[in-house]
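Data file: model.pdb. Format and content: PDB, C-alpha atoms and all ligand atoms.
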ATOM      1  CA  MET B   1       0.000   0.000   0.000
ATOM      2  CA  THR B   2       1.196   3.498  -0.755
ATOM      3  CA  PHE B   3       0.644   6.398   1.581
ATOM      4  CA  ALA B   4       0.252  10.015   0.483
ATOM      5  CA  PRO B   5       1.284  12.909   2.754
ATOM      6  CA  GLU B   6      -0.994  13.667   5.659
ATOM      7  CA  THR B   7      -3.685  16.260   5.404
ATOM      8  CA  ASP B   8      -6.568  17.197   7.638
ATOM      9  CA  SER B   9      -8.636  18.866   4.985
ATOM     10  CA  ALA B  10     -11.403  16.518   4.014
ATOM     11  CA  PRO B  11     -13.523  16.375   0.897
ATOM     12  CA  VAL B  12     -17.230  15.963   1.544
ATOM     13  CA  GLY B  13     -20.058  14.193  -0.188
ATOM     14  CA  ARG B  14     -18.772  10.623  -0.442
ATOM     15  CA  PRO B  15     -19.867   7.564   1.539
ATOM     16  CA  GLY B  16     -17.893   6.527   4.624
ATOM     17  CA  PRO B  17     -14.123   6.425   4.898
ATOM     18  CA  THR B  18     -12.153   3.430   3.721
ATOM     19  CA  PRO B  19      -8.970   2.049   5.251
ATOM     20  CA  GLY B  20      -7.112   3.728   2.437
ATOM     21  CA  ASP B  21      -8.607   7.063   3.467
ATOM     22  CA  LEU B  22      -7.324   6.607   6.985
ATOM     23  CA  ALA B  23      -3.871   5.799   5.745
ATOM     24  CA  ARG B  24      -3.827   8.790   3.447
ATOM     25  CA  GLY B  25      -5.485  11.027   6.010
ATOM     26  CA  ILE B  26      -8.453  11.855   3.797
ATOM     27  CA  GLY B  27     -11.476  10.950   5.925
ATOM     28  CA  THR B  28     -15.012  11.760   5.007
ATOM     29  CA  PRO B  29     -17.700  13.556   6.980
ATOM     30  CA  ALA B  30     -21.107  11.950   7.179
ATOM     31  CA  THR B  31     -23.444  11.950   4.250
ATOM     32  CA  GLY B  32     -25.605   9.029   5.302
ATOM     33  CA  GLY B  33     -24.328   6.824   2.476
ATOM     34  CA  ALA B  34     -24.178   3.052   2.710
ATOM     35  CA  ARG B  35     -20.896   1.337   3.437
ATOM     36  CA  ALA B  36     -19.305  -1.932   2.576
ATOM     37  CA  ASP B  37     -19.968  -4.708   5.079
ATOM     38  CA  GLY B  38     -17.201  -5.587   7.456
ATOM     39  CA  VAL B  39     -15.815  -2.055   7.746
ATOM     40  CA  GLY B  40     -14.803  -1.073  11.271
ATOM     41  CA  GLY B  41     -13.080  -4.208  12.549
ATOM     42  CA  VAL B  42     -10.450  -3.489  15.184
ATOM     43  CA  GLU B  43      -7.606  -5.811  16.034
ATOM     44  CA  LEU B  44      -5.320  -5.378  19.030
ATOM     45  CA  VAL B  45      -2.016  -7.214  18.853
ATOM     46  CA  GLU B  46      -0.026  -7.499  22.069
ATOM     47  CA  VAL B  47      -0.946  -3.990  23.141
ATOM     48  CA  SER B  48       0.821  -2.615  26.207
ATOM     49  CA  ALA B  49       0.415   0.889  27.599
ATOM     50  CA  TYR B  50       2.644   2.792  29.978
ATOM     51  CA  TYR B  51       2.493   5.871  32.169
ATOM     52  CA  ARG B  52       6.198   6.677  32.463
ATOM     53  CA  THR B  53       7.659   3.401  33.750
ATOM     54  CA  PHE B  54       4.359   1.977  35.037
ATOM     55  CA  ARG B  55       2.780  -0.569  32.731
ATOM     56  CA  ALA B  56      -1.012  -0.154  33.023
ATOM     57  CA  VAL B  57      -1.972  -2.567  30.206
ATOM     58  CA  ARG B  58      -0.067  -5.739  29.403
ATOM     59  CA  GLU B  59       0.050  -7.460  26.010
ATOM     60  CA  ILE B  60      -3.621  -7.487  25.153
ATOM     61  CA  SER B  61      -4.557  -9.227  21.913
ATOM     62  CA  LEU B  62      -8.192  -9.008  20.902
ATOM     63  CA  ARG B  63     -10.271  -8.990  17.742
ATOM     64  CA  ILE B  64     -13.275  -6.680  17.854
ATOM     65  CA  ARG B  65     -15.999  -7.525  15.393
ATOM     66  CA  PRO B  66     -17.251  -4.791  13.091
ATOM     67  CA  ARG B  67     -20.825  -3.547  13.546
ATOM     68  CA  ALA B  68     -21.243  -5.142  16.923
ATOM     69  CA  VAL B  69     -21.149  -3.906  20.503
ATOM     70  CA  THR B  70     -18.162  -5.133  22.498
ATOM     71  CA  ALA B  71     -18.175  -4.583  26.264
ATOM     72  CA  LEU B  72     -14.920  -4.173  28.182
ATOM     73  CA  ILE B  73     -15.430  -5.198  31.780
ATOM     74  CA  GLY B  74     -13.109  -5.580  34.750
ATOM     75  CA  PRO B  75     -12.273  -4.178  38.183
ATOM     76  CA  SER B  76     -11.430  -0.523  38.758
ATOM     77  CA  GLY B  77      -7.871   0.314  37.738
ATOM     78  CA  CYS B  78      -7.381  -2.669  35.402
ATOM     79  CA  GLY B  79      -6.757  -0.379  32.432
ATOM     80  CA  LYS B  80     -10.063  -0.246  30.568
ATOM     81  CA  SER B  81     -10.003   3.515  30.010
ATOM     82  CA  THR B  82      -6.331   3.393  29.152
ATOM     83  CA  LEU B  83      -6.979   0.700  26.562
ATOM     84  CA  LEU B  84      -9.810   2.738  25.001
ATOM     85  CA  ARG B  85      -7.482   5.732  24.718
ATOM     86  CA  VAL B  86      -4.829   3.578  23.065
ATOM     87  CA  ILE B  87      -7.430   2.513  20.485
ATOM     88  CA  ASN B  88      -7.885   6.069  19.214
ATOM     89  CA  ARG B  89      -4.411   7.441  19.941
ATOM     90  CA  MET B  90      -5.550   9.661  22.790
ATOM     91  CA  HIS B  91      -3.242   7.901  25.247
ATOM     92  CA  GLU B  92      -0.240   9.600  23.665
ATOM     93  CA  THR B  93      -1.703  13.043  24.392
ATOM     94  CA  ILE B  94      -0.882  12.484  28.093
ATOM     95  CA  PRO B  95       2.758  13.459  28.775
ATOM     96  CA  GLY B  96       5.095  10.587  29.643
ATOM     97  CA  THR B  97       2.948   7.869  28.113
ATOM     98  CA  ARG B  98       3.629   5.356  25.400
ATOM     99  CA  ALA B  99       2.008   2.329  23.818
ATOM    100  CA  GLU B 100       3.464  -0.840  22.321
ATOM    101  CA  GLY B 101       2.031  -3.437  19.980
ATOM    102  CA  ALA B 102      -0.314  -2.822  17.078
ATOM    103  CA  VAL B 103      -3.848  -1.508  16.774
ATOM    104  CA  ARG B 104      -5.326  -2.270  13.376
ATOM    105  CA  LEU B 105      -8.448  -0.732  11.932
ATOM    106  CA  ASP B 106      -9.576  -2.683   8.903
ATOM    107  CA  GLY B 107      -6.080  -4.098   8.690
ATOM    108  CA  ILE B 108      -4.237  -0.766   8.891
ATOM    109  CA  ASP B 109      -1.951  -0.101  11.846
ATOM    110  CA  ILE B 110      -3.174   3.209  13.256
ATOM    111  CA  TYR B 111       0.268   3.702  14.815
ATOM    112  CA  ASP B 112       1.973   3.651  11.443
ATOM    113  CA  PRO B 113       4.018   6.875  11.337
ATOM    114  CA  ARG B 114       2.323   7.827   8.074
ATOM    115  CA  VAL B 115      -1.137   7.799   9.654
ATOM    116  CA  SER B 116      -2.482  11.083  11.023
ATOM    117  CA  PRO B 117      -3.509  10.857  14.715
ATOM    118  CA  VAL B 118      -6.096  13.580  14.109
ATOM    119  CA  ARG B 119      -7.641  11.473  11.379
ATOM    120  CA  VAL B 120      -7.566   8.418  13.633
ATOM    121  CA  ARG B 121      -9.494  10.296  16.327
ATOM    122  CA  ARG B 122     -12.059  11.369  13.791
ATOM    123  CA  THR B 123     -12.443   7.818  12.467
ATOM    124  CA  ILE B 124     -12.505   6.296  15.957
ATOM    125  CA  GLY B 125     -14.716   8.646  17.948
ATOM    126  CA  MET B 126     -15.148   8.762  21.700
ATOM    127  CA  VAL B 127     -17.937   9.405  24.170
ATOM    128  CA  PHE B 128     -16.908  10.049  27.753
ATOM    129  CA  GLN B 129     -18.273   9.173  31.160
ATOM    130  CA  LYS B 130     -19.292  12.731  31.934
ATOM    131  CA  PRO B 131     -21.242  14.345  29.089
ATOM    132  CA  ASN B 132     -19.000  17.102  27.733
ATOM    133  CA  PRO B 133     -20.763  19.292  25.175
ATOM    134  CA  PHE B 134     -18.596  22.199  24.024
ATOM    135  CA  PRO B 135     -19.618  24.798  26.630
ATOM    136  CA  ALA B 136     -19.680  27.935  24.490
ATOM    137  CA  MET B 137     -21.633  26.304  21.657
ATOM    138  CA  SER B 138     -25.305  25.862  20.881
ATOM    139  CA  ILE B 139     -26.875  22.446  20.382
ATOM    140  CA  ARG B 140     -26.595  22.913  16.617
ATOM    141  CA  GLU B 141     -22.971  24.058  16.754
ATOM    142  CA  ASN B 142     -22.000  21.119  18.948
ATOM    143  CA  VAL B 143     -23.103  18.725  16.235
ATOM    144  CA  SER B 144     -21.761  20.687  13.273
ATOM    145  CA  ALA B 145     -18.387  21.674  14.799
ATOM    146  CA  GLY B 146     -16.491  18.658  13.466
ATOM    147  CA  LEU B 147     -17.838  19.087   9.957
ATOM    148  CA  ARG B 148     -17.035  22.780   9.908
ATOM    149  CA  LEU B 149     -13.535  21.971  11.081
ATOM    150  CA  ALA B 150     -13.301  19.538   8.178
ATOM    151  CA  GLY B 151     -14.080  22.401   5.813
ATOM    152  CA  GLU B 152     -17.820  22.082   5.166
ATOM    153  CA  ARG B 153     -19.286  25.567   4.618
ATOM    154  CA  SER B 154     -22.644  24.949   2.973
ATOM    155  CA  ARG B 155     -25.397  25.999   5.356
ATOM    156  CA  SER B 156     -27.932  23.575   3.906
ATOM    157  CA  VAL B 157     -25.505  20.644   4.095
ATOM    158  CA  LEU B 158     -24.670  21.498   7.696
ATOM    159  CA  GLU B 159     -28.327  21.880   8.692
ATOM    160  CA  GLY B 160     -29.249  18.598   7.030
ATOM    161  CA  MET B 161     -26.401  16.896   8.836
ATOM    162  CA  VAL B 162     -27.347  18.343  12.205
ATOM    163  CA  GLU B 163     -30.891  17.048  11.852
ATOM    164  CA  ASP B 164     -29.728  13.667  10.596
ATOM    165  CA  CYS B 165     -27.267  13.172  13.447
ATOM    166  CA  LEU B 166     -29.714  14.361  16.102
ATOM    167  CA  ARG B 167     -32.323  11.963  14.724
ATOM    168  CA  ARG B 168     -29.852   9.095  14.737
ATOM    169  CA  ALA B 169     -28.972   9.987  18.336
ATOM    170  CA  ALA B 170     -32.698   9.865  19.228
ATOM    171  CA  LEU B 171     -32.621  13.499  20.354
ATOM    172  CA  TRP B 172     -34.177  15.454  17.477
ATOM    173  CA  ASP B 173     -37.760  15.585  18.761
ATOM    174  CA  GLU B 174     -36.601  16.905  22.113
ATOM    175  CA  VAL B 175     -34.385  19.704  20.770
ATOM    176  CA  LYS B 176     -35.666  20.658  17.316
ATOM    177  CA  ASP B 177     -37.287  23.829  18.652
ATOM    178  CA  LYS B 178     -34.255  25.021  20.597
ATOM    179  CA  LEU B 179     -31.220  24.337  18.452
ATOM    180  CA  LYS B 180     -29.744  27.727  19.321
ATOM    181  CA  GLN B 181     -29.692  27.084  23.052
ATOM    182  CA  PRO B 182     -26.414  26.051  24.673
ATOM    183  CA  GLY B 183     -25.649  22.312  24.633
ATOM    184  CA  THR B 184     -25.033  22.587  28.351
ATOM    185  CA  SER B 185     -28.666  23.623  28.943
ATOM    186  CA  LEU B 186     -29.839  20.062  28.296
ATOM    187  CA  SER B 187     -30.377  17.332  30.904
ATOM    188  CA  GLY B 188     -27.539  14.872  31.547
ATOM    189  CA  GLY B 189     -29.102  12.136  29.418
ATOM    190  CA  GLN B 190     -29.812  14.619  26.616
ATOM    191  CA  GLN B 191     -26.254  15.962  26.814
ATOM    192  CA  GLN B 192     -24.915  12.436  26.465
ATOM    193  CA  ARG B 193     -27.075  11.873  23.366
ATOM    194  CA  LEU B 194     -25.834  15.237  22.057
ATOM    195  CA  CYS B 195     -22.262  13.988  22.520
ATOM    196  CA  ILE B 196     -23.198  10.838  20.605
ATOM    197  CA  ALA B 197     -24.684  13.002  17.823
ATOM    198  CA  ARG B 198     -21.436  14.981  17.776
ATOM    199  CA  ALA B 199     -19.396  11.775  17.658
ATOM    200  CA  ILE B 200     -21.323  10.335  14.697
ATOM    201  CA  ALA B 201     -21.317  13.621  12.755
ATOM    202  CA  THR B 202     -17.839  13.000  11.371
ATOM    203  CA  GLU B 203     -18.981   9.526  10.281
ATOM    204  CA  PRO B 204     -16.516   7.470  12.309
ATOM    205  CA  GLU B 205     -16.130   3.742  11.825
ATOM    206  CA  VAL B 206     -15.777   3.023  15.525
ATOM    207  CA  ILE B 207     -17.298   4.698  18.600
ATOM    208  CA  LEU B 208     -15.593   4.214  21.946
ATOM    209  CA  MET B 209     -17.754   4.779  25.019
ATOM    210  CA  ASP B 210     -16.215   5.000  28.476
ATOM    211  CA  GLU B 211     -18.952   4.323  31.029
ATOM    212  CA  PRO B 212     -21.358   6.541  29.082
ATOM    213  CA  CYS B 213     -24.282   5.878  31.406
ATOM    214  CA  SER B 214     -22.663   6.119  34.811
ATOM    215  CA  ALA B 215     -23.940   9.663  35.350
ATOM    216  CA  LEU B 216     -27.443   8.887  34.050
ATOM    217  CA  ASP B 217     -30.688   7.684  35.613
ATOM    218  CA  PRO B 218     -32.185   4.292  34.636
ATOM    219  CA  ARG B 219     -34.463   5.763  31.978
ATOM    220  CA  ALA B 220     -31.696   7.737  30.272
ATOM    221  CA  THR B 221     -29.469   4.662  30.561
ATOM    222  CA  LEU B 222     -32.049   2.568  28.743
ATOM    223  CA  GLN B 223     -32.306   5.218  26.016
ATOM    224  CA  ILE B 224     -28.559   5.058  25.441
ATOM    225  CA  GLU B 225     -28.677   1.250  25.342
ATOM    226  CA  GLU B 226     -31.484   1.332  22.769
ATOM    227  CA  LEU B 227     -29.483   3.864  20.816
ATOM    228  CA  MET B 228     -26.443   1.574  20.792
ATOM    229  CA  ALA B 229     -28.547  -1.255  19.408
ATOM    230  CA  ASP B 230     -29.520   1.035  16.547
ATOM    231  CA  LEU B 231     -26.088   2.595  15.985
ATOM    232  CA  LYS B 232     -24.298  -0.738  15.717
ATOM    233  CA  ARG B 233     -25.923  -1.235  12.331
ATOM    234  CA  ARG B 234     -23.504   1.420  11.071
ATOM    235  CA  PHE B 235     -20.735   1.653  13.637
ATOM    236  CA  THR B 236     -18.516  -0.628  15.653
ATOM    237  CA  ILE B 237     -19.083   0.148  19.318
ATOM    238  CA  ILE B 238     -16.727  -0.566  22.199
ATOM    239  CA  ILE B 239     -18.182   0.236  25.596
ATOM    240  CA  VAL B 240     -16.581   0.189  29.034
ATOM    241  CA  THR B 241     -19.110  -0.536  31.739
ATOM    242  CA  HIS B 242     -19.169  -1.485  35.407
ATOM    243  CA  ASN B 243     -22.802  -2.436  35.078
ATOM    244  CA  MET B 244     -22.972  -6.180  34.487
ATOM    245  CA  GLN B 245     -26.648  -6.044  33.529
ATOM    246  CA  GLN B 246     -25.786  -3.425  30.955
ATOM    247  CA  ALA B 247     -22.976  -5.513  29.506
ATOM    248  CA  ALA B 248     -25.272  -8.544  29.379
ATOM    249  CA  ARG B 249     -28.159  -6.584  27.827
ATOM    250  CA  ALA B 250     -26.404  -4.287  25.425
ATOM    251  CA  SER B 251     -23.316  -6.083  24.106
ATOM    252  CA  ASP B 252     -22.741  -8.865  21.612
ATOM    253  CA  ASP B 253     -19.208  -9.676  22.749
ATOM    254  CA  THR B 254     -17.479  -9.183  26.076
ATOM    255  CA  ALA B 255     -13.822  -8.946  27.008
ATOM    256  CA  PHE B 256     -12.907  -9.389  30.665
ATOM    257  CA  LEU B 257      -9.749  -7.720  31.943
ATOM    258  CA  THR B 258      -8.210  -7.910  35.358
ATOM    259  CA  MET B 259      -4.854  -6.988  36.808
ATOM    260  CA  GLY B 260      -1.940  -9.032  38.023
ATOM    261  CA  ASP B 261       0.369  -8.538  41.014
ATOM    262  CA  ASP B 262       2.231  -5.880  39.010
ATOM    263  CA  ARG B 263      -1.118  -3.990  38.685
ATOM    264  CA  ALA B 264      -0.906  -4.272  34.906
ATOM    265  CA  GLY B 265      -4.251  -5.019  33.285
ATOM    266  CA  TYR B 266      -4.428  -8.104  31.093
ATOM    267  CA  LEU B 267      -7.114  -9.927  29.159
ATOM    268  CA  VAL B 268      -8.533 -12.952  30.955
ATOM    269  CA  GLU B 269     -10.939 -14.028  28.228
ATOM    270  CA  SER B 270     -13.253 -12.727  25.571
ATOM    271  CA  GLY B 271     -16.123 -14.138  23.548
ATOM    272  CA  PRO B 272     -19.822 -13.865  22.859
ATOM    273  CA  THR B 273     -21.501 -12.098  25.779
ATOM    274  CA  ALA B 274     -23.950 -14.948  26.385
ATOM    275  CA  GLN B 275     -21.070 -17.365  26.774
ATOM    276  CA  ILE B 276     -18.931 -15.081  28.973
ATOM    277  CA  PHE B 277     -21.868 -14.554  31.327
ATOM    278  CA  SER B 278     -23.323 -18.065  31.394
ATOM    279  CA  ASN B 279     -20.433 -20.361  30.660
ATOM    280  CA  PRO B 280     -17.028 -18.663  30.981
ATOM    281  CA  THR B 281     -13.902 -20.743  30.574
ATOM    282  CA  ARG B 282     -12.002 -19.160  33.443
ATOM    283  CA  GLN B 283     -12.874 -19.186  37.128
ATOM    284  CA  LEU B 284     -11.737 -15.546  37.422
ATOM    285  CA  THR B 285     -14.366 -14.529  34.887
ATOM    286  CA  GLU B 286     -17.051 -16.563  36.619
ATOM    287  CA  ASP B 287     -16.215 -14.889  39.939
ATOM    288  CA  TYR B 288     -16.301 -11.420  38.413
ATOM    289  CA  VAL B 289     -19.510 -11.674  36.395
ATOM    290  CA  SER B 290     -21.310 -13.288  39.316
ATOM    291  CA  GLY B 291     -20.221 -10.416  41.569
ATOM    292  CA  ARG B 292     -17.866 -12.423  43.793
ATOM    293  CA  PHE B 293     -15.031  -9.942  43.297
ATOM    294  CA  GLY B 294     -14.292  -6.591  41.747
TER     295      GLY B 294
HETATM  296  N1  LIG N 301      -2.880   9.964  33.712
HETATM  297  C1  LIG N 301      -2.377   8.923  34.402
HETATM  298  N2  LIG N 301      -1.133   8.988  34.938
HETATM  299  C2  LIG N 301      -0.614   7.941  35.629
HETATM  300  N3  LIG N 301      -1.257   6.775  35.818
HETATM  301  C3  LIG N 301      -2.488   6.652  35.331
HETATM  302  C4  LIG N 301      -3.117   7.712  34.595
HETATM  303  N4  LIG N 301      -4.352   7.296  34.233
HETATM  304  C5  LIG N 301      -4.484   6.050  34.700
HETATM  305  N5  LIG N 301      -3.375   5.651  35.359
HETATM  306  C6  LIG N 301      -3.160   4.345  36.022
HETATM  307  O1  LIG N 301      -3.322   3.321  35.051
HETATM  308  C7  LIG N 301      -4.049   2.225  35.609
HETATM  309  C8  LIG N 301      -5.257   1.956  34.772
HETATM  310  O2  LIG N 301      -6.136   3.079  34.896
HETATM  311  P1  LIG N 301      -7.474   3.183  34.053
HETATM  312  O3  LIG N 301      -8.061   4.511  34.331
HETATM  313  O4  LIG N 301      -7.202   2.814  32.651
HETATM  314  O5  LIG N 301      -8.359   2.023  34.735
HETATM  315  P2  LIG N 301      -9.889   1.662  34.541
HETATM  316  O6  LIG N 301      -9.961   0.185  34.331
HETATM  317  O7  LIG N 301     -10.501   2.532  33.517
HETATM  318  O8  LIG N 301     -10.495   1.995  35.987
HETATM  319  P3  LIG N 301     -11.955   2.514  36.383
HETATM  320  O9  LIG N 301     -12.857   1.324  36.235
HETATM  321  O10 LIG N 301     -11.808   2.930  37.808
HETATM  322  O11 LIG N 301     -12.310   3.656  35.473
HETATM  323  C9  LIG N 301      -4.337   2.577  37.064
HETATM  324  O12 LIG N 301      -3.346   1.971  37.881
HETATM  325  C10 LIG N 301      -4.216   4.091  37.074
HETATM  326  O13 LIG N 301      -3.784   4.544  38.339
HETATM  327 MG    MG N 302     -11.987   4.002  33.566
END

Render the structure in this file as structure tokens.
Amino acid sequence: MTFAPETDSAPVGRPGPTPGDLARGIGTPATGGARADGVGGVELVEVSAYYRTFRAVREISLRIRPRAVTALIGPSGCGKSTLLRVINRMHETIPGTRAEGAVRLDGIDIYDPRVSPVRVRRTIGMVFQKPNPFPAMSIRENVSAGLRLAGERSRSVLEGMVEDCLRRAALWDEVKDKLKQPGTSLSGGQQQRLCIARAIATEPEVILMDEPCSALDPRATLQIEELMADLKRRFTIIIVTHNMQQAARASDDTAFLTMGDDRAGYLVESGPTAQIFSNPTRQLTEDYVSGRFG
């Protein structure tokens, strides 16, 4: 494969990005177009992550199926958030950190020096534990910010996109009459759906969610879970959760991490969620999912 020089300016109007786009740094904002099946598969190969000399994640190898929800579960401090940040190259934004191993998106190593980290973060979006709409921006601007940054100027394209993304995030009906109000004026559950709308606006292939429901009430939690079930038809979703019922309800596959005596997180086992919860191979997994430790 040949790689062209990096650029963050993105053409608009095509269907979703391809692996070649990522490598060339020419991603594509959302247009609602159909995509080839199988896009969005993530493969971790012996991934380790460090904070200075401390190894927080140890040699994790895992295949994440495209267009499915994968839950990452495990006790506090075992490296789940760190691993998520390695998957979209946010780990390296923390001073003194480094990662080893390979992370492949559709077969392309996102740590290849020719790949743009900015493009990676746009292709592998993230939703955080605490809803974090851009504070100075309206609801509309929160959703359109990424597209405007990518160079889209057409008002009608932007407005169409905002509506499309808010609909796909199951928020449109609640906000359509107040798009100019600040994103921060919404309820916590609405803000989290706004952040999901913002994340899908740049048409990522993968959405990482780090405990996205931990600040939400049961009803808002259920809305996000229903939303995930819908979004996985287009996106690969990786969710960190401490809620075992949520993992069992909302995910197709589950990966269980724990930490060793050196406090480094490692993968105990992974597989279809039904199997991990009802018939795990390892005693450690059984103990964790049944609530005996963690
Ligand atoms: N910015 C940082 N600097 C130094 N060490 C860190 C940093 N962030 C995390 N760590 C350490 O890395 C390890 C893994 O942390 P991480 O936040 O990834 O765990 P986690 O599984 O997400 O935990 P939780 O379930 O509590 O969110 C912990 O030992 C933590 O103290
Ligand atoms: Mg965490």

Just give me the gap between CA of Asp177 in chain B and CA of Gly146 in chain B in Å, one decimal is fine.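 Spanning CA of Asp177 in chain B to CA of Gly146 in chain B is a straight-line distance of 22.0 Å.
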
Closest-contact table, chain B side, partner ligand LIG 301 (chain N), 10 Å, counting all atoms listed in the file, as a Markdown table:
| residue | atom | partner | partner_atom | distance |
| --- | --- | --- | --- | --- |
| B:Ala49 | CA | N:LIG301 | O1 | 8.7 |
| B:Tyr50 | CA | N:LIG301 | O1 | 7.8 |
| B:Tyr51 | CA | N:LIG301 | C2 | 5.1 |
| B:Arg52 | CA | N:LIG301 | C2 | 7.6 |
| B:Thr53 | CA | N:LIG301 | C2 | 9.6 |
| B:Phe54 | CA | N:LIG301 | N3 | 7.4 |
| B:Arg55 | CA | N:LIG301 | O1 | 7.6 |
| B:Ala56 | CA | N:LIG301 | O1 | 4.6 |
| B:Val57 | CA | N:LIG301 | C8 | 7.2 |
| B:Leu72 | CA | N:LIG301 | O6 | 9.0 |
| B:Ile73 | CA | N:LIG301 | O6 | 8.1 |
| B:Gly74 | CA | N:LIG301 | O6 | 6.6 |
| B:Pro75 | CA | N:LIG301 | O9 | 5.9 |
| B:Ser76 | CA | N:LIG301 | O9 | 3.4 |
| B:Gly77 | CA | N:LIG301 | O5 | 3.5 |
| B:Cys78 | CA | N:LIG301 | O6 | 4.0 |
| B:Gly79 | CA | N:LIG301 | O4 | 3.2 |
| B:Lys80 | CA | N:LIG301 | O6 | 3.8 |
| B:Ser81 | CA | N:LIG301 | O7 | 3.7 |
| B:Thr82 | CA | N:LIG301 | O4 | 3.7 |
| B:Leu83 | CA | N:LIG301 | O4 | 6.4 |
| B:Leu84 | CA | N:LIG301 | O4 | 8.1 |
| B:Arg85 | CA | N:LIG301 | O4 | 8.5 |
| B:Val86 | CA | N:LIG301 | O4 | 9.9 |
| B:His91 | CA | N:LIG301 | N1 | 8.7 |
| B:Thr93 | CA | N:LIG301 | N1 | 9.9 |
| B:Ile94 | CA | N:LIG301 | N1 | 6.5 |
| B:Pro95 | CA | N:LIG301 | N1 | 8.3 |
| B:Gly96 | CA | N:LIG301 | N2 | 8.3 |
| B:Thr97 | CA | N:LIG301 | N2 | 8.0 |
| B:Gln129 | CA | N:LIG301 | O11 | 9.2 |
| B:Asp210 | CA | N:LIG301 | O7 | 8.0 |
| B:Glu211 | CA | N:LIG301 | O11 | 8.0 |
| B:Val240 | CA | N:LIG301 | O7 | 7.9 |
| B:Thr241 | CA | N:LIG301 | O9 | 7.9 |
| B:His242 | CA | N:LIG301 | O9 | 7.0 |
| B:Leu257 | CA | N:LIG301 | O6 | 8.3 |
| B:Thr258 | CA | N:LIG301 | O6 | 8.3 |
| B:Met259 | CA | N:LIG301 | O6 | 9.1 |
| B:Asp262 | CA | N:LIG301 | O12 | 9.7 |
| B:Arg263 | CA | N:LIG301 | O12 | 6.4 |
| B:Ala264 | CA | N:LIG301 | C7 | 7.3 |
| B:Gly265 | CA | N:LIG301 | C8 | 7.2 |
| B:Gly294 | CA | N:LIG301 | O9 | 9.8 |

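Candidate residues B:Lys232, B:Phe277, B:Asp217, B:Pro135 were compared for distance to Thr184 in chain B, and the nearest is B:Pro135, using all atoms listed in the file.
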
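Between CA of Glu152 in chain B and CA of Val118 in chain B the separation is 17.0 Å.
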
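Proximity of B:Val143, B:Cys195, B:Ala169, B:Ile239 to ligand MG 302 (chain N), computed with only C-alpha atoms and all ligand atoms, is greatest for B:Ile239.
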
Between CA of Arg104 in chain B and CA of Val42 in chain B, measure the distance and give it in Å to one decimal. 5.6 Å

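Omitting Ile139 in chain B and its sequence neighbours fewer than 3 positions away, and counting all atoms listed in the file, the residues within 6 Å are Asn142, Leu179, Pro182 and Gly183 of chain B.
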
Smallest atom-to-atom distance to Pro131 in chain B: which of B:Arg167, B:Arg219, B:Arg193, B:Arg155, using all atoms listed in the file? B:Arg193

Return as number ranges by chain the set of residues that the PyMOL selection byres (((chain B and resi 102) around 12) and not hetatm) yields on the displayed structure. B: 42-49, 59-63, 86-89, 99-101, 103-105, 107-112

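Checking B:Gly160, B:Pro272, B:Pro212, B:Pro218 one by one against ligand MG 302 (chain N), counting all atoms listed in the file, you find the shortest gap at B:Pro212.
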
For each of B:Glu269, B:Val157, B:Gln245, B:Lys130, take the minimum atom-to-atom distance to Gly188 in chain B, counting all atoms listed in the file, then give the residue where this is smallest.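 With all atoms listed in the file as the atom set, the closest residue is B:Lys130.
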
Evaluate the PyMOL selection byres (((chain B and resi 202) around 7) and not hetatm) and report residues as an MDAnalysis selection string: chainID B and resid 29:30 122 146:147 199:201 203:204

Selected residue, from B:Ser144, B:Glu174, B:Met137, B:Phe128, that lies nearest to ligand MG 302 (chain N) when counting all atoms listed in the file: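 Selected residue with least distance to ligand MG 302 (chain N): B:Phe128.
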
Starting from the shown file, work through the PyMOL selection byres (((chain B and resi 171) around 10) and not hetatm) and note down what comes out as a PyMOL selection string. chain B and resi 163+165-170+172-176+189-194+196-197

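Taking only C-alpha atoms, the non-local environment of Gly41 in chain B within 7 Å (same-chain residues fewer than 4 positions away omitted) comprises Ile64, Arg65, Pro66, Leu105 and Asp106 of chain B.
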
Tell me which protein, DNA and RNA residues are within 8 Å of Ala247 in chain B, counting only C-alpha atoms, leaving out same-chain ones fewer than 3 positions away, and put them as a PyMOL selection string. chain B and resi 71+73+241+243-244+250-251+254+273

Report the centre and edge lengths, in Å to one decimal, of an axis-aligned box enclosing every atom of range 234-247 of chain B listed in the file, padded by 5 Å on each side, as lines of an AutoDock Vina configuration file.
center_x = -21.6
center_y = -2.3
center_z = 23.2
size_x = 20.1
size_y = 17.8
size_z = 34.3
